[in-house]
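So this one's start.cif, mmCIF, C-alpha atoms:
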data_my_file
#
loop_
_atom_site.group_PDB
_atom_site.id
_atom_site.type_symbol
_atom_site.label_atom_id
_atom_site.label_comp_id
_atom_site.auth_asym_id
_atom_site.auth_seq_id
_atom_site.Cartn_x
_atom_site.Cartn_y
_atom_site.Cartn_z
ATOM 1 C CA MET F 1 0.000 0.000 0.000
ATOM 2 C CA THR F 2 1.332 3.409 -0.833
ATOM 3 C CA THR F 3 2.023 5.892 1.914
ATOM 4 C CA ARG F 4 -0.731 8.231 0.724
ATOM 5 C CA LYS F 5 -3.340 5.461 0.740
ATOM 6 C CA LYS F 6 -2.207 4.317 4.166
ATOM 7 C CA GLU F 7 -2.423 7.834 5.554
ATOM 8 C CA ALA F 8 -5.911 8.263 4.087
ATOM 9 C CA ALA F 9 -7.029 4.954 5.579
ATOM 10 C CA ASP F 10 -5.616 5.927 8.963
ATOM 11 C CA GLN F 11 -7.418 9.261 8.802
ATOM 12 C CA ARG F 12 -10.736 7.549 7.998
ATOM 13 C CA LYS F 13 -10.293 5.284 11.001
ATOM 14 C CA LEU F 14 -9.754 8.275 13.254
ATOM 15 C CA GLU F 15 -12.908 9.941 11.981
ATOM 16 C CA LEU F 16 -15.124 7.056 13.074
ATOM 17 C CA ARG F 17 -17.426 7.939 15.944
ATOM 18 C CA ALA F 18 -18.720 5.512 18.565
ATOM 19 C CA SER F 19 -22.171 5.475 16.953
ATOM 20 C CA ASP F 20 -20.577 4.617 13.595
ATOM 21 C CA ILE F 21 -18.727 1.676 15.100
ATOM 22 C CA LEU F 22 -21.952 0.222 16.474
ATOM 23 C CA ASP F 23 -23.894 0.742 13.234
ATOM 24 C CA PRO F 24 -24.033 -2.592 11.338
ATOM 25 C CA ASN F 25 -24.327 -0.842 7.964
ATOM 26 C CA ASN F 26 -21.144 1.090 8.639
ATOM 27 C CA GLN F 27 -19.328 -2.079 9.659
ATOM 28 C CA ILE F 28 -20.352 -3.709 6.391
ATOM 29 C CA GLY F 29 -19.159 -0.668 4.455
ATOM 30 C CA VAL F 30 -15.802 -0.646 6.224
ATOM 31 C CA ARG F 31 -15.256 -4.323 5.503
ATOM 32 C CA LEU F 32 -16.304 -3.954 1.863
ATOM 33 C CA ARG F 33 -13.898 -1.033 1.398
ATOM 34 C CA SER F 34 -11.132 -3.083 2.974
ATOM 35 C CA LEU F 35 -11.864 -6.042 0.697
ATOM 36 C CA TYR F 36 -12.000 -3.801 -2.378
ATOM 37 C CA THR F 37 -8.679 -2.167 -1.467
ATOM 38 C CA SER F 38 -6.969 -5.514 -1.000
ATOM 39 C CA ALA F 39 -8.356 -6.731 -4.350
ATOM 40 C CA GLN F 40 -7.031 -3.598 -6.068
ATOM 41 C CA GLU F 41 -3.551 -4.245 -4.736
ATOM 42 C CA GLU F 42 -3.369 -7.823 -6.018
ATOM 43 C CA ALA F 43 -1.181 -8.442 -9.052
ATOM 44 C CA ILE F 44 -2.810 -9.412 -12.336
ATOM 45 C CA PRO F 45 -2.076 -13.091 -13.076
ATOM 46 C CA ASP F 46 0.231 -13.741 -16.035
ATOM 47 C CA ARG F 47 -2.340 -16.086 -17.567
ATOM 48 C CA PHE F 48 -4.888 -13.264 -17.665
ATOM 49 C CA LEU F 49 -2.368 -10.867 -19.212
ATOM 50 C CA ASP F 50 -1.585 -13.469 -21.885
ATOM 51 C CA LEU F 51 -5.280 -13.774 -22.705
ATOM 52 C CA LEU F 52 -5.581 -10.001 -23.037
ATOM 53 C CA GLU F 53 -2.605 -9.925 -25.406
ATOM 54 C CA LYS F 54 -4.197 -12.660 -27.536
ATOM 55 C CA LEU F 55 -7.448 -10.693 -27.642
ATOM 56 C CA ASP F 56 -5.606 -7.541 -28.738
ATOM 57 C CA HIS F 57 -3.848 -9.508 -31.461
ATOM 58 C CA ALA F 58 -7.118 -11.052 -32.665
ATOM 59 C CA GLU F 59 -8.790 -7.635 -32.771
ATOM 60 C CA MET F 60 -5.890 -6.175 -34.779
ATOM 61 C CA MET F 61 -6.104 -9.057 -37.254
ATOM 62 C CA ALA F 62 -9.878 -8.635 -37.600
ATOM 63 C CA SER F 63 -9.605 -4.897 -38.176
ATOM 64 C CA ALA F 64 -6.819 -5.459 -40.736
ATOM 65 C CA LYS F 65 -9.063 -7.885 -42.650
ATOM 66 C CA MET F 66 -11.920 -5.368 -42.587
ATOM 67 C CA ALA F 67 -9.623 -2.676 -44.011
ATOM 68 C CA GLU F 68 -8.690 -4.840 -47.029
#
When written as C-alpha cells, how does the structure in this file appear?
Amino acid sequence: MTTRKKEAADQRKLELRASDILDPNNQIGVRLRSLYTSAQEEAIPDRFLDLLEKLDHAEMMASAKMAE
C-alpha cells in the first residue's frame, strides 16, 4: 500500500465515531472497502495478461481484414 493510501485509511479510522462503530451498515461498508482495497492491490495473473494480449492480437487481425 502506498504511503498516501495508508495515511488516508488511517485518517478515515480516526474519523469514526462511537455510533458509527456500532452501526451494522457502517461495519459492512468498512469491511467492503477493505476487501475492495486488497483486491485492487493484487497483481494481475500472467495467464490473464496473456489472454488479453491474444485478444488484442485477434482484434488487430480482424480490423486489418476489414480494411482490405
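Atom CA of Glu41 of chain F lies 13.9 Å from atom CA of Arg4 of chain F.
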How far is it from atom CA of Ala64 of chain F to atom CA of Phe48 of chain F, in Å with one decimal?
-> 24.4 Å
If you take every atom of segment 35-40 of chain F that the file lists and fit an axis-aligned box around them with 5 Å extra on each side, what centre and edge lengths come out in Å to one decimal, as JSON?
{"center_x": -9.5, "center_y": -4.4, "center_z": -2.7, "size_x": 15.0, "size_y": 14.6, "size_z": 16.8}
So how many Å separate atom CA of Leu51 of chain F and atom CA of Glu68 of chain F, to one decimal?
-> 26.1 Å
